[in-house]
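S.K.: I'd like to ask some things about the structure below.
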Amino acid sequence: MFRLAVKSVRHNPKRLVLTAVAVALGVALAAATFTLTNALSGGFTKLFEEIYAGTDVIVEVDPDADPAEEDPFAATESVFTGADVDEVAAVDGVSSAWGGRQVMGSVLAADFEPTNDVMAGGGPPSQLFNWAGDPRVDQATLVEGDGPAADDEIVLDLDSAPNLGYAIGDTVSVATEAGVEEFTLVGLVRFGESNSLQGATLGYMTDARSAAINGDDGYEQISVIVEDGANQDAVAEAIGEILPPDTRAITGEAKAAEQTEAFDEILQYIDIFAIAFALIALFVGAYIIVNTFRIIVTQRTREFGLMRAIGVSGRQLRTMILLEALVVAVASSTIGIVVGYLGALGLSTLVEAFSGDIFGTVTLPLDAVLWGYSLGALVTIVAAIMPAIHASTISPMEALRESATESKKPLRLRNVVGGALTLLGVLAIVVGLYMDIERPYIPVGAGAMILIIGVTLLAAQVLVPLAYGLKATLTRIFRVDGKLAANNIHREPRRSANTAAALMIGVMLLALVATFTESMKSLVTEQFKGNSADFFVFSSQGAIPTGAIEVIEGEDGVAYVTSTGLGTVLLDGGTTNVGVIDPETADLAFDYNNEPDFDQMDGGVFIDPSMVEAGYEVGDELTLEGPEGTATLTVTGRYLNEGDAQVWIDEDTGHELLGDYPLAQSMVVLDDDVDAAEAQDQLLEALAVDYPLVVLQSPGEFEQLANQFIDLLLGIISAMLGAALVIALLGVANTLLLSVTERTREIGLLRAVGVRRRSIRRMIRIESMVMAIFGTILGMILGVGLGAALVRALEDFGFTTITIPWVWLLLYTISAAIAGVLAAVWPARRAAKLDILQAIAFDG
Amino acid sequence: MTTTLTETPRTSVAVAASMRGGAKTYGDGDAAVRALDGVDVDIAIAEFTAIMGPSGSGKSTLLHTLAGLDRLTAGDSWIGETRITGLSEDKITQVRRDKIGFVFQAFNLIPSLTARENITLPLDIAGRDIDPDWFGEVIAILGLADRLSHLPAELSGGQQQRVAVARALVARPELIFADEPSGNLDSRSGGELLGFMRRAVEEFGQTIAMVTHDPTAASYADRVLFLADGRIVDEMREPTAERVLDRMKQMGH
């Protein structure tokens, strides 16, 4: 049986080529992602290992004690005093202990000019530390010049210094939260073995200077070198006994492993994201496979009838078809894995050419191979099941029939099943979106898939009257070519519907994303309507320095600056996001969606809808526990948008709970008679002195910026869906190609009675275009519908209006028509080139 | 080739199609097969010509090359006054569309079109108007009036072939080529079909050239051409089934 299947595939490989390409594309997507994330993981594992390579034991804040410390890249608090360091150094087995401190700041390039561009300071951040002078602690070795001895001296890593335009002896500017600090470059260091910093800039200054800039002489961590022969674990344990609460001692090795694990967890999300898109691509591919096998079974009806007549059982036939599918799956998955690997290799080389060595060795991970084969095989086999069952029911009588008669099976069963599935899908989506359940994306996702299959089944019924309706129009425009094309579409409604549906899925997702993002833009516009601020303050590197706000407030013409800070507190044992505002000015600058206004806060807290859902209400007493203090406050109002912060407090309470909290957003309001453009220049000039990375955006600029980000999001998702769309187009081409083969005689006859090649080509093209546009329109209806449902469900997050992305929809329709023409190129050429004599020859 | 031309000059009067020195070779060198080997033939206007011959005699090739479906390796052929050898594919297609009707042995009809649409297909392609009187007359003669809205799959074999004949007639072509039109029919349906074709020649002056290997079918024609090994070896006027059969037997068939 297996040999028969292989022979059958080899006998007529052409008809399976496009099927194989479809599977291979989906598999390649998955394989490429796995390869890339594996290489990234390798690269960063090496980085983490080098960071902790020389240090035997690290003393730090216990991440389990403070939930805000879970993010491996977050800045740590300076919890250790100089006395703590001395105490650790005195523990048995400790050779030396060194307090480490990081300075938040950016080393400015030598030719840096302040611009009002949010992206100006973009790129990998600077990592600035206090210099220990011991390579085991610093993880960096001096390779040229001297270490920083005086407080105005700095060393940089040997790659960044020339990149930024500095040589030893030059004056280096560093933008910190305390303003621009100047240093003299006295030496160059190499990080670890090969200075693989993944693009970041590394710098060291004296301990005193770092404390001065931070305004805090505490340390974030203590690096410990143990005496020769001492057991690291034992020393770590001994240190642990004398430490302040909520801190811990951990060996360097364990720390590196921990960081790698945390990073791998992030990469896992990328993998899941990519698998989701690969699955979409393969789901579309499955439609093609169903169609291909269905057509192949029809074409081989006589062959199967003959086999049945000579004693092959229905089950054997079914097995044979499934084996054929397996052969295709294995072959195309192999191609997909290889292509994916090569693609990843190419991409990583390309990325490294621009941003340096961020990948480890690019190898093909086992994950990629396993996922590739299992996804490919699963999709192909599942898709081939229905056609295989159909083949097994072929009667031996079929072999004796004169010609393959057109099967006119009624669509009733298909319609009933389709209708039921559509309803079920809609129901699941509604439940997921509007009912208050955990993990709503599961019913929504499953519902969307069921809905797609349901609509696909129903599409066949829609196509028949549609094709009849179009027939008159097409006949009028394209004369007989149009009529024949319309006929061909409704002749095999199942096949046409499946083909159109493959395209429908991709377009549906595009339309969904477009509806969502356009509605998001409306939301942005809506929010800016309530804005009276003249400028929004941004820092292109992280939080807005408090000093910068003071500079702005000190300038003439500025009425006031109102800022929003963010932090985390504990409430009834759980972590809660807290927003800090100035109740007096917040609502004047920006029309927040709250009840009542913030100026009624009265030293209490406002709560957002998620808190209301959790059972809190106005009048309740909340006890908030922050890193700096605890306060019990009365709920005095509600903040009506979800997703910004769960509780809102005023600045005094903010300082009491959080100490110095980072500012997320600041708004500048000018005096009434001040010209905004002039004021912007004046303020930027004032900021350039100490805070060159702080920029001011007018509401118009900010809105544009926000919209740019939204467009970028749309662009990225559209690109990811590109694979699914390409597969869908291959599907249209494939179906047409197989149909052309099936209609050889008919096309020959048309040619014989005088239809020109050009007309034949046009006929196929019209057929393709109609199917493509039909699929696109179905997809748009579904996509806009689902998008609207999603927007409606997110009302709590401030979404008010559903914006239909007309421009995009028009663009999709035009693209679909063009794509239809493109997909028809090959089949149309095949059809036009058919040898008339062969086509009409009687195979007696 | 010029010598062949001088041997039997083309008579430009009353000829619907003709061929001079027609040769068709498949393959190269030793493996070459000469399907047509210097054929001179004239299809007279308003006559029913049958082309007979054993399998492999080249009768189908003759029909295909005469009709412009296939190209001659050497020699020339004309449809009416138009020399089709040397014309571009598009031009030949146009000649077929405007001047020729076809009836094949099977697969004559486009499955997705109704009988009426199949019949008017050549006119639709050419963008010509349908003459309703003529259409009605053809339909009446062929007895298809109540079958016009049916799809081919809903028609019997005989009815399908009659639709094909109607299609060939409705466009009023200069010439109809038929390739074993009754080959797939039982003798009664076949006889009916050939009867219709005979009537078309007699009543409308339609020219028909038909390839067949069935002596009974050939007996409906005005004239029978016998083909063997790619050459025309004999001709018979006013044929009867018996005479044709005898002649075929002589040819060792």
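Following the order of the structure tokens, chains are lettered A, B, ..., residues in each are numbered from 1, and ligands are numbered from 1.
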Dump as JSON lines the rows for residues of chain B within 9 Å of chain A: closest atom pair and distance in Å with one decimal, only C-alpha atoms counted, ordered by chain and rising residue number.
M.R.:
```
{"residue": "B:His64", "atom": "CA", "partner": "A:Leu837", "partner_atom": "CA", "distance": 7.8}
{"residue": "B:Ala67", "atom": "CA", "partner": "A:Ala752", "partner_atom": "CA", "distance": 9.0}
{"residue": "B:Gly68", "atom": "CA", "partner": "A:Ala752", "partner_atom": "CA", "distance": 8.8}
{"residue": "B:Leu69", "atom": "CA", "partner": "A:Ala752", "partner_atom": "CA", "distance": 6.7}
{"residue": "B:Asp70", "atom": "CA", "partner": "A:Leu837", "partner_atom": "CA", "distance": 7.2}
{"residue": "B:Glu89", "atom": "CA", "partner": "A:Arg756", "partner_atom": "CA", "distance": 8.5}
{"residue": "B:Asp90", "atom": "CA", "partner": "A:Arg756", "partner_atom": "CA", "distance": 6.3}
{"residue": "B:Ile92", "atom": "CA", "partner": "A:Gly754", "partner_atom": "CA", "distance": 8.4}
{"residue": "B:Thr93", "atom": "CA", "partner": "A:Gly754", "partner_atom": "CA", "distance": 5.0}
{"residue": "B:Gln94", "atom": "CA", "partner": "A:Gly754", "partner_atom": "CA", "distance": 6.0}
{"residue": "B:Val95", "atom": "CA", "partner": "A:Gly754", "partner_atom": "CA", "distance": 7.6}
{"residue": "B:Arg96", "atom": "CA", "partner": "A:Gly754", "partner_atom": "CA", "distance": 5.2}
{"residue": "B:Arg97", "atom": "CA", "partner": "A:Gly754", "partner_atom": "CA", "distance": 3.8}
{"residue": "B:Asp98", "atom": "CA", "partner": "A:Gly754", "partner_atom": "CA", "distance": 7.6}
{"residue": "B:Ile100", "atom": "CA", "partner": "A:Val753", "partner_atom": "CA", "distance": 7.6}
{"residue": "B:Gly101", "atom": "CA", "partner": "A:Val753", "partner_atom": "CA", "distance": 6.7}
{"residue": "B:Phe102", "atom": "CA", "partner": "A:Val753", "partner_atom": "CA", "distance": 6.6}
{"residue": "B:Phe104", "atom": "CA", "partner": "A:Ile840", "partner_atom": "CA", "distance": 8.1}
{"residue": "B:Gln105", "atom": "CA", "partner": "A:Phe842", "partner_atom": "CA", "distance": 7.5}
{"residue": "B:Ala106", "atom": "CA", "partner": "A:Phe842", "partner_atom": "CA", "distance": 7.3}
{"residue": "B:Phe107", "atom": "CA", "partner": "A:Arg745", "partner_atom": "CA", "distance": 6.9}
{"residue": "B:Asn108", "atom": "CA", "partner": "A:Leu749", "partner_atom": "CA", "distance": 6.9}
{"residue": "B:Leu109", "atom": "CA", "partner": "A:Glu746", "partner_atom": "CA", "distance": 7.5}
{"residue": "B:Ile110", "atom": "CA", "partner": "A:Glu746", "partner_atom": "CA", "distance": 5.9}
{"residue": "B:Pro111", "atom": "CA", "partner": "A:Glu746", "partner_atom": "CA", "distance": 7.9}
{"residue": "B:Ser112", "atom": "CA", "partner": "A:Asn487", "partner_atom": "CA", "distance": 5.8}
{"residue": "B:Leu113", "atom": "CA", "partner": "A:Asn487", "partner_atom": "CA", "distance": 7.3}
{"residue": "B:Leu121", "atom": "CA", "partner": "A:Val480", "partner_atom": "CA", "distance": 7.7}
{"residue": "B:Pro122", "atom": "CA", "partner": "A:Val753", "partner_atom": "CA", "distance": 6.4}
{"residue": "B:Asp124", "atom": "CA", "partner": "A:Val480", "partner_atom": "CA", "distance": 6.0}
{"residue": "B:Ile125", "atom": "CA", "partner": "A:Val480", "partner_atom": "CA", "distance": 5.9}
{"residue": "B:Ala126", "atom": "CA", "partner": "A:Gly754", "partner_atom": "CA", "distance": 8.2}
{"residue": "B:Gly127", "atom": "CA", "partner": "A:Arg479", "partner_atom": "CA", "distance": 7.9}
{"residue": "B:Ala153", "atom": "CA", "partner": "A:Thr405", "partner_atom": "CA", "distance": 7.4}
{"residue": "B:Ala168", "atom": "CA", "partner": "A:Val753", "partner_atom": "CA", "distance": 8.9}
```
S.K.: Please write the residues from the selection above to a file, keeping C-alpha atoms, as an mmCIF file, in the first residue's frame.
M.R.:
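Heads up, here's the output in part-v5.cif:
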```cif
data_model
loop_
_atom_site.group_PDB
_atom_site.id
_atom_site.type_symbol
_atom_site.label_atom_id
_atom_site.label_comp_id
_atom_site.auth_asym_id
_atom_site.auth_seq_id
_atom_site.Cartn_x
_atom_site.Cartn_y
_atom_site.Cartn_z
ATOM 1 C CA HIS B 64 -7.848 18.105 -38.318
ATOM 2 C CA ALA B 67 -10.131 22.302 -40.278
ATOM 3 C CA GLY B 68 -7.071 24.163 -39.060
ATOM 4 C CA LEU B 69 -6.915 22.317 -35.767
ATOM 5 C CA ASP B 70 -3.539 20.925 -36.702
ATOM 6 C CA GLU B 89 -2.727 30.749 -34.530
ATOM 7 C CA ASP B 90 -5.038 33.667 -33.775
ATOM 8 C CA ILE B 92 -6.713 30.371 -37.798
ATOM 9 C CA THR B 93 -8.855 30.504 -34.686
ATOM 10 C CA GLN B 94 -10.791 33.330 -36.261
ATOM 11 C CA VAL B 95 -11.298 31.322 -39.447
ATOM 12 C CA ARG B 96 -12.589 28.372 -37.430
ATOM 13 C CA ARG B 97 -14.879 30.663 -35.509
ATOM 14 C CA ASP B 98 -16.364 32.376 -38.556
ATOM 15 C CA ILE B 100 -16.369 26.238 -39.614
ATOM 16 C CA GLY B 101 -18.710 24.208 -37.448
ATOM 17 C CA PHE B 102 -17.659 21.114 -35.543
ATOM 18 C CA PHE B 104 -17.120 15.539 -32.495
ATOM 19 C CA GLN B 105 -17.661 11.963 -31.419
ATOM 20 C CA ALA B 106 -18.050 12.888 -27.747
ATOM 21 C CA PHE B 107 -17.510 15.785 -25.366
ATOM 22 C CA ASN B 108 -19.173 18.123 -27.798
ATOM 23 C CA LEU B 109 -20.794 20.336 -25.249
ATOM 24 C CA ILE B 110 -19.628 22.624 -22.475
ATOM 25 C CA PRO B 111 -21.094 20.966 -19.360
ATOM 26 C CA SER B 112 -21.800 24.235 -17.575
ATOM 27 C CA LEU B 113 -23.851 25.746 -20.408
ATOM 28 C CA LEU B 121 -21.770 29.622 -28.277
ATOM 29 C CA PRO B 122 -19.990 30.238 -31.628
ATOM 30 C CA ASP B 124 -21.557 34.565 -28.753
ATOM 31 C CA ILE B 125 -17.834 34.161 -29.198
ATOM 32 C CA ALA B 126 -17.897 36.028 -32.486
ATOM 33 C CA GLY B 127 -20.221 38.643 -31.011
ATOM 34 C CA ALA B 153 -25.742 16.060 -18.309
ATOM 35 C CA ALA B 168 -22.711 23.749 -35.955
#
```
S.K.: Apply DSSP to the backbone of this structure and, from segment 415-552 of chain A, keep only the residues in alpha helix (DSSP H); write these as number ranges by chain.
M.R.: A: 415-434, 441-491, 493-529, 546-552
S.K.: Using only C-alpha atoms, which protein or nucleic acid residues come within 10 Å of Asp672 of chain A? Drop anything in the same chain fewer than 4 positions from it, and give the result as a CSV table (one decimal) with all heavy atoms, in the first residue's frame.
M.R.:
```
chain,number,residue,atom,x,y,z
A,557,GLY,N,6.5,82.0,31.1
A,557,GLY,CA,5.4,81.6,30.2
A,557,GLY,C,4.8,80.3,30.5
A,557,GLY,O,3.8,79.9,30.0
A,558,VAL,N,5.4,79.5,31.4
A,558,VAL,CA,4.9,78.2,31.7
A,558,VAL,C,3.9,78.4,32.9
A,558,VAL,O,4.4,78.9,34.0
A,558,VAL,CB,6.0,77.2,32.1
A,558,VAL,CG1,5.4,75.9,32.6
A,558,VAL,CG2,6.9,77.0,30.9
A,559,ALA,N,2.7,78.1,32.8
A,559,ALA,CA,1.7,78.2,33.8
A,559,ALA,C,2.0,77.1,34.9
A,559,ALA,O,2.1,77.4,36.1
A,559,ALA,CB,0.3,78.1,33.3
A,676,ALA,N,2.9,79.1,21.3
A,676,ALA,CA,3.4,77.7,21.6
A,676,ALA,C,4.7,77.4,20.9
A,676,ALA,O,5.6,76.8,21.5
A,676,ALA,CB,2.3,76.7,21.3
```
S.K.: So that I can see what lies close to Val33 of chain B, please list as a PDB file with N, CA and C atoms, in the first residue's frame the residues with an atom at most 12 Å from it, counting only C-alpha atoms and leaving out residues fewer than 5 positions away in the same chain.
M.R.:
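To be explicit, this is the file written out as out-v6.pdb:
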```
ATOM      1  N   ALA B  23       0.886  16.966 -46.419  1.00  0.00           N
ATOM      2  CA  ALA B  23       1.678  15.923 -45.770  1.00  0.00           C
ATOM      3  C   ALA B  23       1.801  16.251 -44.292  1.00  0.00           C
ATOM      4  N   LYS B  24       1.732  15.217 -43.507  1.00  0.00           N
ATOM      5  CA  LYS B  24       1.875  15.416 -42.067  1.00  0.00           C
ATOM      6  C   LYS B  24       2.753  14.301 -41.520  1.00  0.00           C
ATOM      7  N   THR B  25       3.854  14.667 -40.909  1.00  0.00           N
ATOM      8  CA  THR B  25       4.788  13.678 -40.369  1.00  0.00           C
ATOM      9  C   THR B  25       4.899  13.885 -38.857  1.00  0.00           C
ATOM     10  N   TYR B  26       4.799  12.778 -38.151  1.00  0.00           N
ATOM     11  CA  TYR B  26       5.023  12.851 -36.708  1.00  0.00           C
ATOM     12  C   TYR B  26       6.378  12.245 -36.410  1.00  0.00           C
ATOM     13  N   GLY B  27       7.133  12.865 -35.555  1.00  0.00           N
ATOM     14  CA  GLY B  27       8.424  12.314 -35.165  1.00  0.00           C
ATOM     15  C   GLY B  27       9.499  12.593 -36.197  1.00  0.00           C
ATOM     16  N   ASP B  28      10.753  12.173 -35.883  1.00  0.00           N
ATOM     17  CA  ASP B  28      11.881  12.462 -36.761  1.00  0.00           C
ATOM     18  C   ASP B  28      12.577  11.176 -37.172  1.00  0.00           C
ATOM     19  N   GLY B  56      -5.604   4.276 -38.482  1.00  0.00           N
ATOM     20  CA  GLY B  56      -4.245   4.620 -38.848  1.00  0.00           C
ATOM     21  C   GLY B  56      -4.099   5.053 -40.288  1.00  0.00           C
ATOM     22  N   SER B  57      -5.199   5.177 -41.008  1.00  0.00           N
ATOM     23  CA  SER B  57      -5.099   5.576 -42.408  1.00  0.00           C
ATOM     24  C   SER B  57      -4.854   7.072 -42.533  1.00  0.00           C
ATOM     25  N   GLY B  58      -5.062   7.803 -41.450  1.00  0.00           N
ATOM     26  CA  GLY B  58      -4.821   9.251 -41.480  1.00  0.00           C
ATOM     27  C   GLY B  58      -6.075  10.065 -41.666  1.00  0.00           C
ATOM     28  N   THR B  73       2.734  19.430 -42.270  1.00  0.00           N
ATOM     29  CA  THR B  73       4.188  19.518 -42.317  1.00  0.00           C
ATOM     30  C   THR B  73       4.593  20.121 -43.662  1.00  0.00           C
ATOM     31  N   ASP B 229      -3.009   4.598 -45.711  1.00  0.00           N
ATOM     32  CA  ASP B 229      -1.602   4.973 -45.548  1.00  0.00           C
ATOM     33  C   ASP B 229      -1.343   6.421 -45.925  1.00  0.00           C
ATOM     34  N   GLY B 230      -2.255   7.291 -45.555  1.00  0.00           N
ATOM     35  CA  GLY B 230      -2.018   8.714 -45.754  1.00  0.00           C
ATOM     36  C   GLY B 230      -2.260   9.203 -47.165  1.00  0.00           C
TER      37      GLY B 230
END
```
S.K.: Can you list, as an MDAnalysis selection string, every protein, DNA or RNA residue that comes within 12 Å of Phe226 of chain B when you count only C-alpha atoms, leaving out same-chain residues fewer than 2 positions away?
M.R.: chainID B and resid 39 41 49:55 57:59 62 211:213 215 218 223:224 228:237 239 244:245 247:251 253
S.K.: Near Val524 of chain A, within 9 Å and counting only C-alpha atoms, which residues show up once chain neighbours fewer than 5 positions away are dropped, as an NGL selection string?
M.R.: :A and (519 or 529 or 703 or 706-707)
S.K.: Per DSSP on the backbone, what are the strand (DSSP E) residues of segment 43-279 of chain A, as a ChimeraX atom specification?
M.R.: /A:57-61,94-100,102-103,105-107,126-130,140-145,153-157,171-176,179-191,201-205,221-226,247-251
